[in-house]
Amino acid sequence: MANTKSAEKLAQFGVIGLGVMGQNLALNIADHGQTVAVWNLEPEWVGRFVGAHAGAALVGHTELAGFVASLERPRRMLMMIKAGEPVDEMLERLSPLLEPGDIVIDGGNSFFKDTQRREAAMKARGLNFFGMGVSGGEEGARRGPSLMPGGAPEAYRHMQPTLEAIAAKTAWGPCVTYVGADGAGHFVKMVHNGIEYGDMQLIAEAYDLLRHALGMTAAEISGVFAEWNQGPLSSYLIEISAGVLSAVDAETGRPLVDLILDKAGQKGTGKWTAQVALDLGVPIPTISAALDGRALSSMKAQRVAAAAQYGRIPGRWTGERRELIDAVGHALLASKICSYAQGMSLIAEGAKEWNWKIDAREIARIWTGGCIIRARLLESIMKAYERNAALTNLLLDPELQTQMAASLPAWRKVVGTSAALGVPTQAFAASLAYFDAYTAAQMPQNLTQAQRDYFGAHTYLRADRPEAGAVHTDWNSLLQGKHE
């Protein structure tokens, strides 16, 4: 089955999987002058999709072998299928049909270690496998996503023109770059999603504090968010949050957001981010607080029972209304910077661990458009890495330091106020604690080390002569004389 005008020539690109994302990416590629071969496990989807877009340069196939044979060499094909076992099953079916040099791209949210394993297996067969993060949702896929491909650098040049054509465009170019070898692309997308979790939780906490502490309506908070979207907090997530809060339910006439049950779901990338961060020893408390927030939200029945048992009713702010609104805006900006700082630190540590050459400035650049976390703040992050490509943490950049210093008093006020009023703001608080700990010259882990040495002889370093190496104290003997 094919559009007759496209069937006579080989297709330049292939798409496997015709869910909404696969369909929109296929149409995006076709819009940019390429003939696209498409295949789906359910044959009827192919006919329906091609038939609905009769004017597009699409070639539909119901047989996988015919799909592969229809592609120019080296074949370039993008899989948009469910992560996990379906990817392995698809590669087992596909690999025998391919020839050395062909390129298969996994555009789903696969775990990066699975991508590393698959890339090695495909490489042994002379085939190229790319794990590519795709961000931007359905609209991004159709009009311009942010793309994060990882794989063999020599194979990337065969994909680069197409990916640059379909990616979102900003003043800094197309929102795609070669990220690094094997699993680097999916690793960066995983961290992107972790930052997204943190950002969404922070925005939700800002909304919650304004509605409880000030008694603001959804429409009023929408106005505040719309105002914030004109300044340093400008971002896609703030923009859509303002829209969501302004929506009215046609059935009841009430704000639609007030009718949505407060139980948030998650698909796994945020959890992976936290697990990998623990493995690498990188603190990401803002992102972890977002995961905790979603987990706690799922305990709806328990929360309702606990609220009744404790008689919990959030308090009200008694000060000037505008003062708290502005303070929450400052807290949101400072916490957001912390979330990005944590994510970029994790990317840097992952690059070290797996020997990827990831350009932090390029990652910030490709996130300026198309993706869910696109924000004005990313311009400042780009500039930070332009000033210092080896920057170890975004909090050390002078420009971002100025923004943090300006927001710090209000940020402390918001965290203190929320605690006093009983409004949970775990991501705001975790972000502030991260900032305070990262900028503390002295932390209490000297006591922790003493405890560890006391009960487990784990040793410690002396602060007055660390170069002497590990030291163990016989604490029982040392303390025995004091208690005699």
# chains A, B, ... in the order shown; residues from 1 in each chain; ligands from 1
>>> residues_around(residues="Thr115 in chain A", least_positions_apart="2", cutoff="12 Å", atoms="only C-alpha atoms", output="PDB file with N, CA, C and O atoms, in the first residue's frame")
ATOM      1  N   ALA A  83       8.885   1.460  25.142  1.00  0.00           N
ATOM      2  CA  ALA A  83      10.198   1.076  25.663  1.00  0.00           C
ATOM      3  C   ALA A  83      10.127  -0.286  26.344  1.00  0.00           C
ATOM      4  O   ALA A  83       9.059  -0.764  26.723  1.00  0.00           O
ATOM      5  N   GLY A  84      11.308  -0.917  26.486  1.00  0.00           N
ATOM      6  CA  GLY A  84      11.375  -2.201  27.158  1.00  0.00           C
ATOM      7  C   GLY A  84      11.454  -3.362  26.178  1.00  0.00           C
ATOM      8  O   GLY A  84      12.096  -3.266  25.130  1.00  0.00           O
ATOM      9  N   GLU A  85      10.794  -4.458  26.498  1.00  0.00           N
ATOM     10  CA  GLU A  85      10.863  -5.662  25.678  1.00  0.00           C
ATOM     11  C   GLU A  85      10.441  -5.440  24.227  1.00  0.00           C
ATOM     12  O   GLU A  85      11.028  -6.048  23.323  1.00  0.00           O
ATOM     13  N   VAL A  87      11.139  -3.144  22.233  1.00  0.00           N
ATOM     14  CA  VAL A  87      12.290  -2.675  21.451  1.00  0.00           C
ATOM     15  C   VAL A  87      13.196  -3.856  21.105  1.00  0.00           C
ATOM     16  O   VAL A  87      13.631  -4.003  19.951  1.00  0.00           O
ATOM     17  N   ASP A  88      13.481  -4.708  22.083  1.00  0.00           N
ATOM     18  CA  ASP A  88      14.321  -5.882  21.822  1.00  0.00           C
ATOM     19  C   ASP A  88      13.661  -6.819  20.811  1.00  0.00           C
ATOM     20  O   ASP A  88      14.325  -7.347  19.910  1.00  0.00           O
ATOM     21  N   LEU A  91      13.977  -5.313  17.342  1.00  0.00           N
ATOM     22  CA  LEU A  91      15.335  -5.420  16.804  1.00  0.00           C
ATOM     23  C   LEU A  91      15.635  -6.845  16.345  1.00  0.00           C
ATOM     24  O   LEU A  91      16.346  -7.044  15.344  1.00  0.00           O
ATOM     25  N   VAL A 104      19.440   2.267  12.837  1.00  0.00           N
ATOM     26  CA  VAL A 104      18.151   2.149  13.527  1.00  0.00           C
ATOM     27  C   VAL A 104      18.170   3.102  14.722  1.00  0.00           C
ATOM     28  O   VAL A 104      19.116   3.093  15.515  1.00  0.00           O
ATOM     29  N   ILE A 105      17.141   3.918  14.838  1.00  0.00           N
ATOM     30  CA  ILE A 105      17.043   4.909  15.910  1.00  0.00           C
ATOM     31  C   ILE A 105      15.873   4.549  16.815  1.00  0.00           C
ATOM     32  O   ILE A 105      14.759   4.344  16.343  1.00  0.00           O
ATOM     33  N   ASP A 106      16.137   4.473  18.102  1.00  0.00           N
ATOM     34  CA  ASP A 106      15.078   4.269  19.084  1.00  0.00           C
ATOM     35  C   ASP A 106      14.711   5.629  19.663  1.00  0.00           C
ATOM     36  O   ASP A 106      15.481   6.216  20.418  1.00  0.00           O
ATOM     37  N   GLY A 107      13.526   6.114  19.309  1.00  0.00           N
ATOM     38  CA  GLY A 107      13.092   7.431  19.776  1.00  0.00           C
ATOM     39  C   GLY A 107      12.211   7.386  21.005  1.00  0.00           C
ATOM     40  O   GLY A 107      11.672   8.415  21.413  1.00  0.00           O
ATOM     41  N   GLY A 108      12.060   6.207  21.617  1.00  0.00           N
ATOM     42  CA  GLY A 108      11.252   6.094  22.828  1.00  0.00           C
ATOM     43  C   GLY A 108      12.044   6.452  24.074  1.00  0.00           C
ATOM     44  O   GLY A 108      13.242   6.753  24.011  1.00  0.00           O
ATOM     45  N   ASN A 109      11.383   6.385  25.222  1.00  0.00           N
ATOM     46  CA  ASN A 109      12.054   6.694  26.496  1.00  0.00           C
ATOM     47  C   ASN A 109      12.675   5.428  27.079  1.00  0.00           C
ATOM     48  O   ASN A 109      12.276   4.948  28.144  1.00  0.00           O
ATOM     49  N   SER A 110      13.668   4.897  26.396  1.00  0.00           N
ATOM     50  CA  SER A 110      14.349   3.696  26.864  1.00  0.00           C
ATOM     51  C   SER A 110      15.380   4.039  27.933  1.00  0.00           C
ATOM     52  O   SER A 110      15.967   5.125  27.922  1.00  0.00           O
ATOM     53  N   PHE A 111      15.626   3.087  28.844  1.00  0.00           N
ATOM     54  CA  PHE A 111      16.665   3.255  29.848  1.00  0.00           C
ATOM     55  C   PHE A 111      18.016   3.212  29.151  1.00  0.00           C
ATOM     56  O   PHE A 111      18.276   2.332  28.330  1.00  0.00           O
ATOM     57  N   PHE A 112      18.897   4.141  29.486  1.00  0.00           N
ATOM     58  CA  PHE A 112      20.137   4.303  28.724  1.00  0.00           C
ATOM     59  C   PHE A 112      21.030   3.068  28.775  1.00  0.00           C
ATOM     60  O   PHE A 112      21.764   2.793  27.825  1.00  0.00           O
ATOM     61  N   LYS A 113      20.984   2.310  29.864  1.00  0.00           N
ATOM     62  CA  LYS A 113      21.812   1.099  29.921  1.00  0.00           C
ATOM     63  C   LYS A 113      21.296   0.027  28.958  1.00  0.00           C
ATOM     64  O   LYS A 113      22.089  -0.755  28.419  1.00  0.00           O
ATOM     65  N   ARG A 117      23.483  -1.614  25.796  1.00  0.00           N
ATOM     66  CA  ARG A 117      23.501  -3.051  25.470  1.00  0.00           C
ATOM     67  C   ARG A 117      23.070  -3.284  24.023  1.00  0.00           C
ATOM     68  O   ARG A 117      23.701  -4.048  23.284  1.00  0.00           O
ATOM     69  N   ARG A 118      22.022  -2.607  23.600  1.00  0.00           N
ATOM     70  CA  ARG A 118      21.522  -2.791  22.241  1.00  0.00           C
ATOM     71  C   ARG A 118      22.508  -2.260  21.205  1.00  0.00           C
ATOM     72  O   ARG A 118      22.710  -2.862  20.155  1.00  0.00           O
ATOM     73  N   GLU A 119      23.134  -1.130  21.524  1.00  0.00           N
ATOM     74  CA  GLU A 119      24.100  -0.558  20.584  1.00  0.00           C
ATOM     75  C   GLU A 119      25.277  -1.510  20.369  1.00  0.00           C
ATOM     76  O   GLU A 119      25.740  -1.699  19.237  1.00  0.00           O
ATOM     77  N   ALA A 120      25.740  -2.130  21.465  1.00  0.00           N
ATOM     78  CA  ALA A 120      26.862  -3.071  21.363  1.00  0.00           C
ATOM     79  C   ALA A 120      26.469  -4.293  20.535  1.00  0.00           C
ATOM     80  O   ALA A 120      27.253  -4.776  19.704  1.00  0.00           O
ATOM     81  N   ALA A 121      25.254  -4.800  20.744  1.00  0.00           N
ATOM     82  CA  ALA A 121      24.793  -5.980  20.000  1.00  0.00           C
ATOM     83  C   ALA A 121      24.636  -5.664  18.517  1.00  0.00           C
ATOM     84  O   ALA A 121      25.013  -6.477  17.654  1.00  0.00           O
ATOM     85  N   MET A 122      24.102  -4.500  18.215  1.00  0.00           N
ATOM     86  CA  MET A 122      23.922  -4.115  16.805  1.00  0.00           C
ATOM     87  C   MET A 122      25.260  -3.849  16.143  1.00  0.00           C
ATOM     88  O   MET A 122      25.485  -4.197  14.969  1.00  0.00           O
ATOM     89  N   LYS A 123      26.183  -3.241  16.889  1.00  0.00           N
ATOM     90  CA  LYS A 123      27.508  -2.957  16.358  1.00  0.00           C
ATOM     91  C   LYS A 123      28.226  -4.252  15.972  1.00  0.00           C
ATOM     92  O   LYS A 123      28.937  -4.311  14.959  1.00  0.00           O
ATOM     93  N   ASN A 128      24.292   0.187  12.919  1.00  0.00           N
ATOM     94  CA  ASN A 128      24.352   1.363  13.785  1.00  0.00           C
ATOM     95  C   ASN A 128      23.050   1.506  14.555  1.00  0.00           C
ATOM     96  O   ASN A 128      21.963   1.465  13.965  1.00  0.00           O
ATOM     97  N   PHE A 129      23.156   1.677  15.851  1.00  0.00           N
ATOM     98  CA  PHE A 129      21.973   1.858  16.693  1.00  0.00           C
ATOM     99  C   PHE A 129      22.107   3.155  17.466  1.00  0.00           C
ATOM    100  O   PHE A 129      23.138   3.421  18.091  1.00  0.00           O
ATOM    101  N   PHE A 130      21.065   3.981  17.400  1.00  0.00           N
ATOM    102  CA  PHE A 130      21.042   5.252  18.109  1.00  0.00           C
ATOM    103  C   PHE A 130      19.899   5.259  19.113  1.00  0.00           C
ATOM    104  O   PHE A 130      18.775   4.857  18.797  1.00  0.00           O
ATOM    105  N   GLY A 131      20.188   5.711  20.317  1.00  0.00           N
ATOM    106  CA  GLY A 131      19.144   6.032  21.279  1.00  0.00           C
ATOM    107  C   GLY A 131      18.938   7.527  21.236  1.00  0.00           C
ATOM    108  O   GLY A 131      19.877   8.293  21.448  1.00  0.00           O
ATOM    109  N   MET A 132      17.740   7.966  20.908  1.00  0.00           N
ATOM    110  CA  MET A 132      17.503   9.401  20.720  1.00  0.00           C
ATOM    111  C   MET A 132      16.351   9.878  21.594  1.00  0.00           C
ATOM    112  O   MET A 132      15.212   9.438  21.442  1.00  0.00           O
ATOM    113  N   GLY A 133      16.660  10.773  22.510  1.00  0.00           N
ATOM    114  CA  GLY A 133      15.609  11.419  23.276  1.00  0.00           C
ATOM    115  C   GLY A 133      14.819  12.349  22.388  1.00  0.00           C
ATOM    116  O   GLY A 133      15.388  13.076  21.567  1.00  0.00           O
ATOM    117  N   PRO A 149      20.213  12.730  20.134  1.00  0.00           N
ATOM    118  CA  PRO A 149      20.686  11.447  19.627  1.00  0.00           C
ATOM    119  C   PRO A 149      22.053  11.040  20.183  1.00  0.00           C
ATOM    120  O   PRO A 149      22.961  11.865  20.326  1.00  0.00           O
ATOM    121  N   GLY A 150      22.188   9.748  20.495  1.00  0.00           N
ATOM    122  CA  GLY A 150      23.467   9.208  20.935  1.00  0.00           C
ATOM    123  C   GLY A 150      23.784   7.928  20.193  1.00  0.00           C
ATOM    124  O   GLY A 150      22.925   7.051  20.061  1.00  0.00           O
ATOM    125  N   GLY A 151      24.998   7.819  19.676  1.00  0.00           N
ATOM    126  CA  GLY A 151      25.400   6.644  18.917  1.00  0.00           C
ATOM    127  C   GLY A 151      26.770   6.877  18.298  1.00  0.00           C
ATOM    128  O   GLY A 151      27.544   7.717  18.767  1.00  0.00           O
ATOM    129  N   ALA A 181      28.346   8.992  22.550  1.00  0.00           N
ATOM    130  CA  ALA A 181      28.299   7.598  22.130  1.00  0.00           C
ATOM    131  C   ALA A 181      27.181   6.822  22.833  1.00  0.00           C
ATOM    132  O   ALA A 181      26.616   7.280  23.835  1.00  0.00           O
ATOM    133  N   ASP A 182      26.908   5.669  22.309  1.00  0.00           N
ATOM    134  CA  ASP A 182      25.917   4.682  22.765  1.00  0.00           C
ATOM    135  C   ASP A 182      24.735   5.287  23.534  1.00  0.00           C
ATOM    136  O   ASP A 182      23.846   5.862  22.942  1.00  0.00           O
ATOM    137  N   GLY A 183      24.697   5.197  24.875  1.00  0.00           N
ATOM    138  CA  GLY A 183      23.499   5.601  25.616  1.00  0.00           C
ATOM    139  C   GLY A 183      23.426   7.053  26.000  1.00  0.00           C
ATOM    140  O   GLY A 183      22.523   7.454  26.748  1.00  0.00           O
ATOM    141  N   ALA A 184      24.329   7.893  25.509  1.00  0.00           N
ATOM    142  CA  ALA A 184      24.383   9.292  25.945  1.00  0.00           C
ATOM    143  C   ALA A 184      23.085  10.048  25.661  1.00  0.00           C
ATOM    144  O   ALA A 184      22.635  10.857  26.480  1.00  0.00           O
ATOM    145  N   GLY A 185      22.491   9.801  24.499  1.00  0.00           N
ATOM    146  CA  GLY A 185      21.268  10.509  24.143  1.00  0.00           C
ATOM    147  C   GLY A 185      20.130  10.199  25.089  1.00  0.00           C
ATOM    148  O   GLY A 185      19.422  11.098  25.572  1.00  0.00           O
ATOM    149  N   HIS A 186      19.933   8.920  25.386  1.00  0.00           N
ATOM    150  CA  HIS A 186      18.867   8.543  26.309  1.00  0.00           C
ATOM    151  C   HIS A 186      19.193   8.944  27.744  1.00  0.00           C
ATOM    152  O   HIS A 186      18.280   9.226  28.529  1.00  0.00           O
ATOM    153  N   PHE A 187      20.466   8.998  28.106  1.00  0.00           N
ATOM    154  CA  PHE A 187      20.851   9.474  29.437  1.00  0.00           C
ATOM    155  C   PHE A 187      20.462  10.941  29.602  1.00  0.00           C
ATOM    156  O   PHE A 187      19.848  11.328  30.605  1.00  0.00           O
TER     157      PHE A 187
END
>>> residues_around(residues="Arg93 in chain A", least_positions_apart="2", cutoff="12 Å", atoms="only C-alpha atoms", output="list in words")
Leu41, Glu63, Leu64, Ala65, Val68, Pro86, Val87, Asp88, Glu89, Met90, Leu91, Ser95, Pro96, Leu97 and Leu98 of chain A
>>> residues_around(residues="Val36 in chain A", least_positions_apart="3", cutoff="10 Å", atoms="only C-alpha atoms", output="list in words")
Ser6, Leu10, Ala11, Gln12, Phe13, Gly14, Val15, Leu25, Ala26, Leu27, Asn28, Ile29, Ala30, Asp31, Gly33, Ala56, Ala57, Leu58, Val59, Gly60, Ser70, Leu71 and Met77 of chain A
>>> write_last_selection(atoms="C-alpha atoms", output="PDB file, in the first residue's frame")
ATOM      1  CA  SER A   6       5.860   8.070  -3.832  1.00  0.00           C
ATOM      2  CA  LEU A  10      13.131   4.601  -2.572  1.00  0.00           C
ATOM      3  CA  ALA A  11      12.200   6.397   0.602  1.00  0.00           C
ATOM      4  CA  GLN A  12      14.835   8.477   2.365  1.00  0.00           C
ATOM      5  CA  PHE A  13      13.607   7.716   5.881  1.00  0.00           C
ATOM      6  CA  GLY A  14      11.510   5.092   7.650  1.00  0.00           C
ATOM      7  CA  VAL A  15       9.266   5.249  10.703  1.00  0.00           C
ATOM      8  CA  LEU A  25       7.305  12.678  13.271  1.00  0.00           C
ATOM      9  CA  ALA A  26       6.628  10.932   9.953  1.00  0.00           C
ATOM     10  CA  LEU A  27       4.568  13.901   8.779  1.00  0.00           C
ATOM     11  CA  ASN A  28       7.234  16.305  10.020  1.00  0.00           C
ATOM     12  CA  ILE A  29       9.907  14.493   8.002  1.00  0.00           C
ATOM     13  CA  ALA A  30       7.653  14.382   4.935  1.00  0.00           C
ATOM     14  CA  ASP A  31       7.028  18.131   5.275  1.00  0.00           C
ATOM     15  CA  GLY A  33      11.044  17.143   1.374  1.00  0.00           C
ATOM     16  CA  ALA A  56       1.986  13.609   1.858  1.00  0.00           C
ATOM     17  CA  ALA A  57       5.106  11.785   0.671  1.00  0.00           C
ATOM     18  CA  LEU A  58       4.302   8.632   2.632  1.00  0.00           C
ATOM     19  CA  VAL A  59       4.808   5.023   1.569  1.00  0.00           C
ATOM     20  CA  GLY A  60       2.829   2.547   3.665  1.00  0.00           C
ATOM     21  CA  SER A  70      11.954   0.394   0.281  1.00  0.00           C
ATOM     22  CA  LEU A  71      14.628   2.491   2.015  1.00  0.00           C
ATOM     23  CA  MET A  77      14.723   4.238  10.318  1.00  0.00           C
TER      24      MET A  77
END
>>> closest_residue(among="A:Ala360, A:Trp317, A:Cys371, A:Glu72", to="Ala389 in chain A", atoms="only C-alpha atoms")
A:Ala360
>>> atom_distance(atom1="CA of Val244 in chain A", atom2="CA of Lys263 in chain A")
16.5 Å
>>> closest_atom_pairs(of="range 281-384 of chain A", to="range 408-423 of chain A", cutoff="6 Å", atoms="only C-alpha atoms", output="Markdown table")
| residue | atom | partner | partner_atom | distance |
| --- | --- | --- | --- | --- |
| A:Pro314 | CA | A:Gly422 | CA | 5.1 |
| A:Gly315 | CA | A:Leu421 | CA | 4.4 |
| A:Ala327 | CA | A:Ala410 | CA | 4.7 |
| A:Ala331 | CA | A:Trp411 | CA | 4.2 |
>>> select_by_dssp(residues="range 3-211 of chain A", states="strand (DSSP E)", output="MDAnalysis selection string")
chainID A and resid 13:16 36:39 58:61 76:79 103:106 128:135 146:150 169:170 173:174
